[in-house]
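Enquirer: Quick one, query-v7.cif (mmCIF, C-alpha atoms and all ligand atoms):
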```cif
data_entry
loop_
_atom_site.label_atom_id
_atom_site.label_comp_id
_atom_site.auth_asym_id
_atom_site.auth_seq_id
_atom_site.Cartn_x
_atom_site.Cartn_y
_atom_site.Cartn_z
CA MET A 1 -67.97 6.62 102.87
CA ARG A 2 -68.51 8.18 106.24
CA ALA A 3 -66.38 7.03 109.13
CA SER A 4 -69.20 7.69 111.59
CA ARG A 5 -71.10 4.78 110.07
CA GLY A 6 -68.08 2.58 110.60
CA ASN A 7 -66.00 2.53 107.44
CA ALA A 8 -63.40 -0.20 107.98
CA ALA A 9 -60.72 1.61 105.99
CA ASP A 10 -61.11 5.13 107.44
CA THR A 11 -61.88 4.60 111.11
CA PRO A 12 -58.97 4.92 113.51
CA ARG A 13 -58.54 1.66 115.37
CA ASP A 14 -57.88 1.38 119.06
CA THR A 15 -56.12 -1.94 119.42
CA SER A 16 -54.99 -1.49 123.03
CA LEU A 17 -55.90 -4.64 125.00
CA VAL A 18 -56.52 -6.50 121.72
CA GLU A 19 -54.52 -9.72 121.73
CA ASP A 20 -54.34 -10.05 117.94
CA PRO A 21 -54.33 -6.57 116.27
CA GLU A 22 -54.22 -8.12 112.77
CA GLY A 23 -56.98 -10.62 113.54
CA ILE A 24 -60.74 -10.44 113.97
CA LEU A 25 -60.78 -8.31 117.12
CA GLY A 26 -58.21 -5.97 115.59
CA ILE A 27 -60.45 -5.49 112.52
CA LEU A 28 -63.43 -4.73 114.75
CA ALA A 29 -61.50 -2.46 117.10
CA GLY A 30 -62.52 0.73 115.29
CA TRP A 31 -65.58 -0.41 113.41
CA GLN A 32 -68.81 1.35 114.29
CA GLY A 33 -71.34 -0.75 112.40
CA VAL A 34 -74.41 -2.20 114.12
CA GLY A 35 -72.55 -5.42 114.91
CA VAL A 36 -71.23 -8.74 113.64
CA VAL A 37 -72.61 -12.17 114.49
CA ILE A 38 -69.88 -14.80 114.34
CA ARG A 39 -70.66 -18.51 114.36
CA ARG A 40 -68.50 -21.55 113.69
CA ASP A 41 -70.40 -24.32 111.90
CA LEU A 42 -68.66 -27.37 113.35
CA PRO A 43 -70.02 -30.08 110.99
CA THR A 44 -68.51 -28.33 107.94
CA GLY A 45 -65.76 -26.25 109.56
CA THR A 46 -67.31 -23.05 108.13
CA TRP A 47 -66.87 -19.64 109.73
CA ILE A 48 -70.13 -17.68 109.46
CA PHE A 49 -70.06 -13.88 109.66
CA VAL A 50 -73.29 -11.87 109.56
CA VAL A 51 -72.14 -8.26 109.22
CA LEU A 52 -74.79 -5.67 110.09
CA HIS A 53 -73.54 -2.25 109.09
CA ASP A 54 -76.41 0.20 109.37
CA ASP A 55 -80.11 0.12 110.23
CA THR A 56 -81.08 3.77 109.74
CA LEU A 57 -83.51 3.13 106.89
CA GLY A 58 -84.74 -0.37 107.78
CA PRO A 59 -83.65 -3.92 108.57
CA PRO A 60 -80.05 -4.64 107.48
CA THR A 61 -80.22 -6.67 104.28
CA GLY A 62 -77.64 -8.00 101.82
CA GLY A 63 -76.58 -11.15 100.03
CA CYS A 64 -74.89 -14.26 101.37
CA ARG A 65 -71.44 -14.94 99.94
CA MET A 66 -69.93 -18.44 100.09
CA LYS A 67 -66.22 -18.62 99.43
CA VAL A 68 -62.94 -20.23 100.47
CA TYR A 69 -60.72 -17.61 102.15
CA ALA A 70 -57.11 -17.98 103.27
CA ARG A 71 -58.05 -16.74 106.77
CA PRO A 72 -61.36 -16.13 108.60
CA SER A 73 -60.27 -12.50 109.12
CA ASP A 74 -60.18 -12.06 105.28
CA ALA A 75 -63.81 -13.21 105.17
CA LEU A 76 -64.78 -10.74 107.88
CA LEU A 77 -63.05 -7.87 106.05
CA ASP A 78 -64.82 -8.83 102.83
CA GLY A 79 -68.15 -8.90 104.69
CA ILE A 80 -67.52 -5.49 106.27
CA ARG A 81 -66.60 -3.89 102.94
CA LEU A 82 -69.63 -5.41 101.20
CA ALA A 83 -72.04 -4.51 104.05
CA GLU A 84 -70.87 -0.88 103.94
CA GLY A 85 -71.48 -0.87 100.19
CA MET A 86 -75.02 -2.16 100.75
CA THR A 87 -75.81 0.73 103.13
CA TYR A 88 -75.06 3.19 100.34
CA LYS A 89 -76.74 1.08 97.65
CA TRP A 90 -80.06 0.97 99.56
CA ALA A 91 -79.79 4.66 100.51
CA ALA A 92 -79.02 5.71 96.92
CA MET A 93 -82.19 3.89 95.82
CA ASP A 94 -84.10 5.21 98.87
CA PHE A 95 -85.21 1.68 99.75
CA PRO A 96 -86.20 0.88 103.36
CA PHE A 97 -83.26 -1.39 104.15
CA GLY A 98 -79.99 -1.08 105.99
CA GLY A 99 -76.58 -2.33 104.88
CA ALA A 100 -75.52 -5.90 105.69
CA LYS A 101 -73.85 -8.94 104.18
CA SER A 102 -73.19 -12.48 105.35
CA VAL A 103 -70.16 -14.55 104.52
CA LEU A 104 -69.95 -18.32 104.75
CA ALA A 105 -66.19 -18.91 104.79
CA VAL A 106 -66.13 -22.57 103.79
CA PRO A 107 -62.95 -24.66 104.11
CA ARG A 108 -63.56 -26.12 100.60
CA LEU A 109 -66.38 -26.01 98.04
CA LEU A 110 -69.35 -27.82 99.58
CA SER A 111 -72.03 -29.83 97.80
CA GLY A 112 -74.82 -32.31 98.47
CA ASP A 113 -75.95 -32.99 102.03
CA GLU A 114 -73.00 -31.12 103.52
CA ARG A 115 -73.98 -27.90 101.72
CA ARG A 116 -77.65 -28.36 102.48
CA GLY A 117 -76.90 -28.91 106.19
CA LEU A 118 -74.86 -25.72 106.37
CA LEU A 119 -77.60 -23.71 104.63
CA LEU A 120 -80.32 -25.04 106.94
CA ARG A 121 -78.24 -24.20 110.01
CA PHE A 122 -77.60 -20.75 108.54
CA GLY A 123 -81.39 -20.40 108.16
CA ALA A 124 -81.83 -21.26 111.85
CA LEU A 125 -79.26 -18.56 112.68
CA LEU A 126 -81.31 -16.04 110.63
CA ASN A 127 -84.39 -17.01 112.63
CA SER A 128 -82.55 -16.49 115.91
CA LEU A 129 -81.88 -12.92 114.73
CA GLY A 130 -85.65 -12.55 114.38
CA GLY A 131 -85.68 -10.23 111.32
CA ARG A 132 -82.59 -8.21 112.23
CA TYR A 133 -81.03 -9.42 108.96
CA GLY A 134 -82.41 -10.44 105.55
CA THR A 135 -80.36 -12.37 102.99
CA GLY A 136 -80.28 -13.23 99.29
CA ALA A 137 -78.00 -14.88 96.71
CA ASP A 138 -74.51 -13.49 96.15
CA LEU A 139 -71.18 -14.72 94.84
CA GLY A 140 -70.89 -18.47 95.49
CA THR A 141 -74.56 -18.98 96.39
CA THR A 142 -77.46 -19.70 94.06
CA THR A 143 -81.21 -19.22 93.96
CA GLU A 144 -81.41 -22.94 94.74
CA ASP A 145 -79.37 -22.33 97.92
CA MET A 146 -81.76 -19.53 98.88
CA ARG A 147 -84.68 -21.87 98.37
CA THR A 148 -83.03 -24.31 100.81
CA ILE A 149 -82.57 -21.58 103.44
CA ALA A 150 -86.16 -20.47 102.86
CA GLU A 151 -87.39 -23.95 103.82
CA VAL A 152 -86.68 -22.95 107.42
CA SER A 153 -86.49 -19.13 107.39
CA PRO A 154 -88.75 -16.31 106.11
CA TYR A 155 -85.83 -13.84 105.94
CA VAL A 156 -84.75 -14.66 102.38
CA ILE A 157 -85.30 -12.03 99.69
CA GLY A 158 -85.83 -13.27 96.14
CA VAL A 159 -87.66 -16.43 97.13
CA HIS A 160 -90.71 -15.44 99.14
CA GLY A 161 -93.02 -13.26 97.09
CA ARG A 162 -96.73 -12.96 96.78
CA SER A 163 -96.65 -12.82 93.00
CA GLU A 164 -93.49 -14.66 91.96
CA GLY A 165 -91.34 -17.62 92.92
CA PRO A 166 -87.54 -17.84 93.02
CA MET A 167 -85.89 -15.56 90.53
CA ASP A 168 -82.59 -14.52 89.01
CA PRO A 169 -81.58 -10.88 89.69
CA SER A 170 -79.16 -10.53 86.78
CA PRO A 171 -81.65 -9.53 84.00
CA TYR A 172 -82.88 -6.74 86.30
CA THR A 173 -79.34 -5.67 87.10
CA ALA A 174 -78.68 -5.60 83.35
CA LEU A 175 -81.84 -3.54 82.73
CA GLY A 176 -80.73 -1.00 85.36
CA VAL A 177 -77.28 -0.77 83.76
CA PHE A 178 -78.89 -0.37 80.32
CA SER A 179 -80.99 2.52 81.55
CA GLY A 180 -77.90 3.99 83.26
CA ILE A 181 -75.95 3.81 79.98
CA GLN A 182 -78.78 5.68 78.24
CA ALA A 183 -78.69 8.35 80.96
CA ALA A 184 -74.90 8.69 80.68
CA LEU A 185 -75.12 9.01 76.89
CA GLY A 186 -77.83 11.65 77.24
CA HIS A 187 -75.68 13.63 79.67
CA ARG A 188 -72.38 13.23 77.90
CA GLU A 189 -73.36 13.11 74.22
CA GLY A 190 -76.71 14.94 74.37
CA GLU A 191 -78.47 11.91 72.85
CA ARG A 192 -79.65 8.82 74.75
CA GLY A 193 -79.99 6.67 71.64
CA LEU A 194 -77.67 3.66 71.29
CA SER A 195 -77.69 3.37 67.56
CA GLY A 196 -74.13 3.67 66.28
CA ARG A 197 -72.62 3.74 69.79
CA SER A 198 -70.03 1.17 70.78
CA VAL A 199 -70.18 -0.50 74.20
CA LEU A 200 -67.36 -2.73 75.43
CA ILE A 201 -68.50 -5.23 78.07
CA GLN A 202 -65.84 -6.75 80.32
CA GLY A 203 -67.24 -10.02 81.74
CA VAL A 204 -69.85 -11.89 79.70
CA GLY A 205 -71.50 -13.63 82.66
CA ALA A 206 -75.09 -13.50 83.84
CA VAL A 207 -75.31 -9.68 83.79
CA GLY A 208 -72.87 -9.01 80.93
CA ALA A 209 -74.61 -11.38 78.48
CA SER A 210 -78.07 -10.03 79.34
CA LEU A 211 -76.82 -6.45 78.92
CA ALA A 212 -75.19 -7.33 75.59
CA ARG A 213 -78.51 -8.66 74.25
CA ARG A 214 -80.38 -5.50 75.24
CA LEU A 215 -77.71 -3.26 73.74
CA VAL A 216 -77.66 -5.11 70.42
CA GLU A 217 -81.47 -4.96 70.28
CA ALA A 218 -81.23 -1.19 70.79
CA GLY A 219 -78.81 -0.85 67.86
CA ALA A 220 -75.47 -0.58 69.70
CA GLU A 221 -72.25 -2.08 68.44
CA VAL A 222 -71.11 -4.46 71.20
CA ILE A 223 -67.55 -5.57 71.94
CA LEU A 224 -67.04 -8.42 74.42
CA SER A 225 -64.13 -9.47 76.61
CA ASP A 226 -63.88 -12.27 79.18
CA ILE A 227 -61.07 -14.29 80.75
CA ASP A 228 -63.19 -17.24 79.66
CA GLU A 229 -62.65 -16.54 75.97
CA GLY A 230 -64.94 -19.40 74.89
CA ARG A 231 -67.81 -17.74 76.75
CA ALA A 232 -67.11 -14.38 75.09
CA ARG A 233 -66.93 -16.01 71.65
CA ALA A 234 -70.19 -17.96 72.13
CA THR A 235 -72.16 -14.81 73.02
CA ALA A 236 -70.38 -12.84 70.27
CA GLU A 237 -71.46 -15.42 67.69
CA GLU A 238 -75.06 -15.28 68.91
CA LEU A 239 -75.11 -11.48 68.70
CA ASP A 240 -72.74 -10.94 65.81
CA ALA A 241 -70.50 -8.94 68.16
CA GLU A 242 -66.76 -8.40 68.27
CA VAL A 243 -64.39 -9.99 70.83
CA VAL A 244 -61.19 -8.53 72.28
CA ALA A 245 -58.62 -10.48 74.27
CA PRO A 246 -58.63 -10.08 78.07
CA GLY A 247 -56.41 -7.14 78.97
CA ALA A 248 -57.02 -5.39 75.63
CA GLU A 249 -60.39 -4.03 76.76
CA TYR A 250 -58.77 -1.03 78.44
CA ASP A 251 -57.08 0.18 75.24
CA THR A 252 -59.93 -0.54 72.83
CA PRO A 253 -61.69 2.60 71.59
CA CYS A 254 -65.41 2.61 72.47
CA THR A 255 -68.08 5.05 73.61
CA VAL A 256 -68.90 3.14 76.79
CA TYR A 257 -66.76 0.76 78.83
CA ALA A 258 -69.06 -1.47 80.92
CA PRO A 259 -67.17 -3.38 83.66
CA CYS A 260 -69.32 -6.44 84.44
CA ALA A 261 -66.73 -8.86 85.83
CA VAL A 262 -64.82 -8.07 89.01
CA GLY A 263 -64.05 -5.05 91.22
CA ALA A 264 -61.13 -2.60 91.16
CA THR A 265 -60.66 -2.58 87.37
CA LEU A 266 -60.57 1.23 87.43
CA ASN A 267 -57.21 2.03 88.93
CA ARG A 268 -53.97 3.95 88.50
CA GLU A 269 -52.76 1.48 85.90
CA THR A 270 -55.92 1.17 83.75
CA ILE A 271 -57.44 4.69 83.89
CA PRO A 272 -54.67 6.31 81.77
CA ARG A 273 -55.25 3.60 79.15
CA LEU A 274 -59.05 3.88 78.83
CA ALA A 275 -60.19 4.87 75.34
CA CYS A 276 -63.87 5.56 76.18
CA ASP A 277 -66.09 8.56 77.01
CA ILE A 278 -68.18 6.81 79.65
CA VAL A 279 -67.71 4.05 82.26
CA ALA A 280 -71.03 2.44 83.16
CA GLY A 281 -71.23 -1.20 84.25
CA ALA A 282 -72.52 -3.68 86.82
CA ALA A 283 -69.43 -4.76 88.75
CA ASN A 284 -69.29 -3.95 92.47
CA ASN A 285 -66.50 -1.75 93.84
CA GLN A 286 -65.17 -0.72 90.42
CA LEU A 287 -62.81 1.95 91.73
CA GLY A 288 -59.49 0.60 93.03
CA HIS A 289 -59.33 3.61 95.35
CA PRO A 290 -61.89 6.41 96.02
CA GLY A 291 -59.46 8.93 94.43
CA ASP A 292 -59.79 7.09 91.11
CA ALA A 293 -63.14 8.88 90.61
CA GLU A 294 -61.19 12.17 90.27
CA ALA A 295 -58.68 10.51 87.95
CA LEU A 296 -61.57 9.58 85.63
CA MET A 297 -62.89 13.14 85.81
CA GLU A 298 -59.46 14.52 84.90
CA ARG A 299 -59.51 12.31 81.82
CA ASP A 300 -62.98 13.69 80.98
CA ILE A 301 -64.55 10.25 81.33
CA LEU A 302 -68.07 10.22 82.78
CA TYR A 303 -68.36 7.57 85.51
CA ALA A 304 -71.72 6.11 86.54
CA PRO A 305 -71.21 5.20 90.24
CA ASP A 306 -71.42 1.42 90.63
CA PHE A 307 -73.65 1.35 93.70
CA VAL A 308 -76.30 3.39 91.87
CA ILE A 309 -76.21 1.81 88.42
CA ASN A 310 -76.04 -1.84 89.60
CA GLY A 311 -78.96 -1.77 92.06
CA GLY A 312 -81.58 -3.17 89.66
CA GLY A 313 -81.37 -6.77 90.90
CA ALA A 314 -81.60 -5.81 94.58
CA MET A 315 -84.48 -3.47 93.77
CA ALA A 316 -86.36 -6.17 91.84
CA PHE A 317 -85.83 -8.76 94.59
CA THR A 318 -87.30 -6.55 97.27
CA LEU A 319 -90.24 -5.38 95.16
CA ILE A 320 -91.10 -8.97 94.29
CA TYR A 321 -90.75 -9.89 97.98
CA GLN A 322 -93.43 -7.25 98.59
CA GLY A 323 -95.61 -8.73 95.87
CA ALA A 324 -95.13 -6.11 93.12
CA SER A 325 -96.22 -6.88 89.57
CA LEU A 326 -93.48 -7.34 86.98
CA ASP A 327 -94.58 -4.11 85.24
CA THR A 328 -94.01 -2.18 88.48
CA VAL A 329 -90.64 -3.88 88.98
CA GLU A 330 -89.50 -2.99 85.45
CA ALA A 331 -90.62 0.63 85.77
CA ARG A 332 -88.81 1.03 89.11
CA VAL A 333 -85.61 -0.55 87.76
CA ARG A 334 -85.72 1.78 84.76
CA SER A 335 -85.84 4.72 87.21
CA ILE A 336 -82.11 4.12 87.80
CA GLY A 337 -81.48 6.12 84.60
CA PRO A 338 -83.28 9.30 85.77
CA ARG A 339 -81.65 8.94 89.22
CA LEU A 340 -78.24 8.93 87.54
CA GLU A 341 -79.19 11.96 85.42
CA THR A 342 -79.82 13.87 88.66
CA ILE A 343 -76.47 12.71 90.06
CA PHE A 344 -74.58 13.73 86.89
CA ALA A 345 -76.24 17.16 86.94
CA GLU A 346 -75.50 17.60 90.66
CA ALA A 347 -71.84 16.62 90.13
CA GLU A 348 -71.50 19.14 87.32
CA LEU A 349 -73.09 21.88 89.40
CA ARG A 350 -70.71 21.25 92.31
CA SER A 351 -67.67 20.45 90.15
CA THR A 352 -67.27 17.10 91.91
CA SER A 353 -67.14 13.57 90.57
CA PRO A 354 -70.42 11.66 90.09
CA ALA A 355 -69.13 9.21 92.76
CA GLU A 356 -68.91 12.07 95.29
CA ALA A 357 -72.32 13.39 94.24
CA ALA A 358 -73.86 9.91 94.60
CA LEU A 359 -72.36 9.50 98.08
CA ALA A 360 -73.68 12.93 99.09
CA HIS A 361 -77.12 11.92 97.76
CA ALA A 362 -77.05 8.68 99.80
CA GLU A 363 -75.78 10.54 102.89
CA ALA A 364 -78.64 13.02 102.60
CA ILE A 365 -81.16 10.16 102.54
CA LEU A 366 -79.46 8.52 105.56
CA ALA A 367 -79.52 11.87 107.40
CA ARG A 368 -83.23 12.26 106.58
CA GLY A 369 -83.94 8.75 107.93
CA PRO A 370 -86.82 6.50 106.93
CA GLU A 371 -89.74 8.09 105.11
CA GLU A 372 -92.93 8.40 107.07
CA GLY A 373 -94.94 5.20 106.78
CA ALA A 374 -91.98 3.22 105.43
CA PRO A 375 -92.02 -0.43 106.55
CA SER A 376 -89.62 -1.04 109.42
CA SER A 377 -89.56 -4.85 109.43
CA PHE A 378 -89.79 -7.72 106.97
CA GLU A 379 -93.27 -8.49 108.30
CA ASP A 380 -94.44 -4.88 107.59
CA MET A 381 -92.83 -5.01 104.20
CA ARG A 382 -94.71 -8.08 103.11
CA ALA A 383 -97.96 -6.62 104.40
CA LEU A 384 -97.57 -3.42 102.35
CA SER A 385 -98.31 -3.27 98.64
CA PRO A 386 -95.71 -1.35 96.57
CA GLU A 387 -98.22 -0.81 93.72
P1 LIG B 1 -70.87 -13.97 86.65
O1 LIG B 1 -69.99 -14.76 87.56
O2 LIG B 1 -72.07 -14.59 86.06
O3 LIG B 1 -69.99 -13.39 85.44
C1 LIG B 1 -68.72 -12.81 85.59
C2 LIG B 1 -67.97 -13.01 84.28
O4 LIG B 1 -66.76 -12.25 84.37
C3 LIG B 1 -67.57 -14.45 84.01
O5 LIG B 1 -67.89 -14.79 82.68
C4 LIG B 1 -66.05 -14.46 84.25
O6 LIG B 1 -65.39 -15.39 83.44
C5 LIG B 1 -65.70 -13.04 83.88
N1 LIG B 1 -64.47 -12.54 84.49
C6 LIG B 1 -64.01 -12.75 85.75
N2 LIG B 1 -62.86 -12.07 85.94
C7 LIG B 1 -62.62 -11.41 84.80
C8 LIG B 1 -61.59 -10.53 84.38
N3 LIG B 1 -60.59 -10.19 85.19
N4 LIG B 1 -61.64 -10.01 83.12
C9 LIG B 1 -62.65 -10.35 82.28
N5 LIG B 1 -63.64 -11.19 82.62
C10 LIG B 1 -63.62 -11.70 83.86
O7 LIG B 1 -71.25 -12.64 87.50
P2 LIG B 1 -72.49 -11.68 87.29
O8 LIG B 1 -73.62 -12.14 88.15
O9 LIG B 1 -72.71 -11.45 85.83
O10 LIG B 1 -71.95 -10.35 87.97
C11 LIG B 1 -70.96 -9.57 87.32
C12 LIG B 1 -70.53 -8.42 88.23
O11 LIG B 1 -71.66 -7.61 88.56
C13 LIG B 1 -69.93 -8.86 89.57
O12 LIG B 1 -68.95 -7.91 89.94
C14 LIG B 1 -71.10 -8.76 90.52
O13 LIG B 1 -70.67 -8.55 91.87
C15 LIG B 1 -71.82 -7.54 89.98
N6 LIG B 1 -73.24 -7.51 90.29
C16 LIG B 1 -74.05 -8.53 89.87
C17 LIG B 1 -75.40 -8.49 90.17
C18 LIG B 1 -76.31 -9.59 89.67
O14 LIG B 1 -77.53 -9.36 89.66
N7 LIG B 1 -75.81 -10.75 89.27
C19 LIG B 1 -75.93 -7.41 90.89
C20 LIG B 1 -75.08 -6.37 91.28
C21 LIG B 1 -73.73 -6.44 90.98
#
```
Is it possible to give me this structure as structure tokens?

Expert:
Amino acid sequence: MRASRGNAADTPRDTSLVEDPEGILGILAGWQGVGVVIRRDLPTGTWIFVVLHDDTLGPPTGGCRMKVYARPSDALLDGIRLAEGMTYKWAAMDFPFGGAKSVLAVPRLLSGDERRGLLLRFGALLNSLGGRYGTGADLGTTTEDMRTIAEVSPYVIGVHGRSEGPMDPSPYTALGVFSGIQAALGHREGERGLSGRSVLIQGVGAVGASLARRLVEAGAEVILSDIDEGRARATAEELDAEVVAPGAEYDTPCTVYAPCAVGATLNRETIPRLACDIVAGAANNQLGHPGDAEALMERDILYAPDFVINGGGAMAFTLIYQGASLDTVEARVRSIGPRLETIFAEAELRSTSPAEAALAHAEAILARGPEEGAPSSFEDMRALSPE
């Protein structure tokens, strides 16, 4: 990711005059994002970080994560990393949003009135930003939480829509991954069909289970793996699928390995073990290190870049926010497959990894800037019909 847009890992940091180089100011010393809003919520002891990374294409937008962190600076770093990822996710989809993420670093898991109070005060903070940031559900927050924030703020994606009420993004994320798997099969095997292909899904949660159902319907042989083995077994029974123990997924022969659990599962230790032709799944930040994309290429494994293949939920949320019909939403989410086909072809042409090609594609869209007539605020967005 480009340092000029403020990549936390790549940018040289000038920590002269910074009292705590390892703390919050030290982290921000070299960061060139739009800015970070920091607020301490005294009633709950929560540190709130709203990280705005880039606003080239439109208002910075990204989910709200609620989590217990060892230190507030860990929460800020998480927010920065996730906000940078959102910049590239929106750009890769050519959607009129910038990259952002908010983190509610809670001292312990909150519930009841305490949780509701925090969410309402977070909503008031969104309003004070006046449309400079839009939020949605993420790890640790639910659609119900978003509905609470939306009681006081219009800047919540996935709740306010002309045609639909609150929704769950995971079936749309799964549909995007499904269409990405078809595209990868078409590129790699010359045949998009799933019949007779084996797909191993790591993480049988909201996205993984929905993906498994689609794949089985399309004739694929599905293998499931989850640290919650009961969850894997329950879905396997429903779908007549196979289960492998956690850890064994990397060595199990399959056509497609679909990481749908946590990040960084593609790394120096696991890549040599993979027994698949394709990696295509929903998890964010799948590569342990950017160089792992080349390691996959060297092993002749086709990798569908995570920030392109897993954008279906974000895409659906924003289209529904604009009032799109469900047919339009489904058609747009399915366009992730053709977008990946272009990226695979581009990578082959330039002898680079698909991850590099996808970044170059997103960079080109960021360099172009917003399309003429693209909405530049949440208000414009809701006034425009995507049909
Ligand atoms: P989820 O919490 O519903 O499911 C995750 C599943 O992974 C759980 O069943 C959990 O037990 C399992 N798991 C956790 N660690 C594991 C490990 N080390 N090995 C095997 N299994 C493990 O989450 P989800 O909403 O299905 O999202 C899955 C992934 O996709 C996450 O990385 C998420 O960031 C990403 N993602 C989700 C969406 C969405 O719409 N939900 C959108 C984009 C990206």

Enquirer: Please determine, counting all atoms listed in the file, which residue among A:Arg197, A:Arg132, A:His361, A:His289 has the shortest atom-to-atom distance to Thr61 of chain A.

Expert: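 Going through A:Arg197, A:Arg132, A:His361, A:His289 one by one, the smallest distance to Thr61 of chain A is for A:Arg132.
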
Enquirer: Ligand LIG 1 (chain B): which residues are within 8 Å, counting all atoms listed in the file, as JSON, numbers by chain?

Expert: {"A": [138, 139, 168, 169, 170, 171, 172, 173, 174, 202, 203, 204, 205, 206, 207, 208, 209, 225, 226, 227, 228, 231, 232, 246, 247, 259, 260, 261, 262, 263, 265, 281, 282, 283, 284, 285, 310, 311, 312, 313, 314]}

Enquirer: Near Leu215 of chain A, counting all atoms listed in the file, which residues have an atom at most 12 Å away, once you skip same-chain residues fewer than 3 positions from it, shown as a ChimeraX atom specification?

Expert: /A:174-175,177-182,193-201,208-212,218-224,239,241,256,258

Enquirer: Between A:Ala347, A:Leu110, A:Ala91, A:Cys64, single out the one closest to Ala367 of chain A, counting all atoms listed in the file.

Expert: A:Ala91

Enquirer: Let me make sure I understand: among A:Arg233, A:Lys101, A:His187, A:His53, which one has the smallest atom-to-atom distance to Pro338 of chain A if we use only C-alpha atoms?

Expert: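 The closest residue to Pro338 of chain A is A:His187.
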
Enquirer: With all atoms listed in the file as the atoms that count, which of A:Gly134, A:Pro96, A:Gly140, A:Pro354 lies nearest to Ile309 of chain A?

Expert: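 Under the stated criterion, the closest residue is A:Pro354.
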
Enquirer: Hey, can you check how far atom CA of Phe122 of chain A sits from atom CA of Glu151 of chain A?

Expert: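 Distance reported for this atom pair: 11.3 Å.
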
Enquirer: Give me the residues near segment 145-150 of chain A as a PyMOL selection string, where near means some atom within 12 Å (using all atoms listed in the file) and where sequence neighbours in that chain fewer than 5 positions away do not count.

Expert: chain A and resi 63-66+110-113+115-127+134-140+155-161+165-168

Enquirer: For Val68 of chain A, which residue among A:Ile320, A:Ala357, A:Val106, A:Met381 is the nearest when counting only C-alpha atoms?

Expert: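 Checking each of A:Ile320, A:Ala357, A:Val106, A:Met381 against Val68 of chain A, counting only C-alpha atoms, the winner is A:Val106.
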
Enquirer: With distances taken over all atoms listed in the file, which residue among A:Thr44, A:Thr235, A:Thr141, A:Thr56 lies nearest Trp90 of chain A?

Expert: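 That would be A:Thr56, the residue with the smallest distance to Trp90 of chain A.
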
Enquirer: Rounded to one decimal in Å, what is the spacing between atom CA of Val279 of chain A and atom CA of Leu359 of chain A?

Expert: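 If I compute the distance from atom CA of Val279 of chain A to atom CA of Leu359 of chain A, I get 17.4 Å.
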
Enquirer: Need to verify the contact set: Pro253 of chain A, 8 Å, all atoms listed in the file, exclusion of same-chain residues closer than 2 positions in sequence. Can you return it as a ChimeraX atom specification?

Expert: /A:251,255,274-276

Enquirer: Go ahead and compute the interatomic distance for atom CA of Ile27 of chain A and atom CA of Ala75 of chain A, in Å to one decimal.

Expert: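 Calculated distance between atom CA of Ile27 of chain A and atom CA of Ala75 of chain A is 11.2 Å.
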
Enquirer: Quick one: axis-aligned box around all listed atoms of segment 256-274 of chain A, 6 Å on every side, centre and edge lengths in Å to one decimal, written as AutoDock Vina command-line options.

Expert:
```
--center_x -61.0 --center_y -1.3 --center_z 84.0 --size_x 28.6 --size_y 27.2 --size_z 26.4
```

Enquirer: Rebuild N, CA and C atoms on segment 241-251 of chain A, as a tab-separated table (two decimals), in the coordinates of the input?

Expert:
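This is the output file part_8.tsv:
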```tsv
chain	number	residue	atom	x	y	z
A	241	ALA	N	-71.29	-9.99	67.51
A	241	ALA	CA	-70.50	-8.94	68.16
A	241	ALA	C	-69.02	-9.23	67.98
A	242	GLU	N	-68.20	-8.27	68.37
A	242	GLU	CA	-66.76	-8.40	68.27
A	242	GLU	C	-66.19	-8.90	69.61
A	243	VAL	N	-65.03	-9.56	69.58
A	243	VAL	CA	-64.39	-9.99	70.83
A	243	VAL	C	-62.99	-9.39	70.90
A	244	VAL	N	-62.60	-8.92	72.10
A	244	VAL	CA	-61.19	-8.53	72.28
A	244	VAL	C	-60.60	-9.38	73.40
A	245	ALA	N	-59.30	-9.61	73.30
A	245	ALA	CA	-58.62	-10.48	74.27
A	245	ALA	C	-58.64	-9.83	75.66
A	246	PRO	N	-58.68	-10.66	76.72
A	246	PRO	CA	-58.63	-10.08	78.07
A	246	PRO	C	-57.37	-9.23	78.25
A	247	GLY	N	-57.54	-8.06	78.80
A	247	GLY	CA	-56.41	-7.14	78.97
A	247	GLY	C	-56.47	-6.04	77.93
A	248	ALA	N	-56.97	-6.39	76.71
A	248	ALA	CA	-57.02	-5.39	75.63
A	248	ALA	C	-58.23	-4.48	75.77
A	249	GLU	N	-59.17	-4.83	76.66
A	249	GLU	CA	-60.39	-4.03	76.76
A	249	GLU	C	-60.11	-2.58	77.18
A	250	TYR	N	-59.03	-2.38	77.95
A	250	TYR	CA	-58.77	-1.03	78.44
A	250	TYR	C	-58.30	-0.10	77.32
A	251	ASP	N	-57.65	-0.66	76.31
A	251	ASP	CA	-57.08	0.18	75.24
A	251	ASP	C	-57.98	0.25	74.02
```
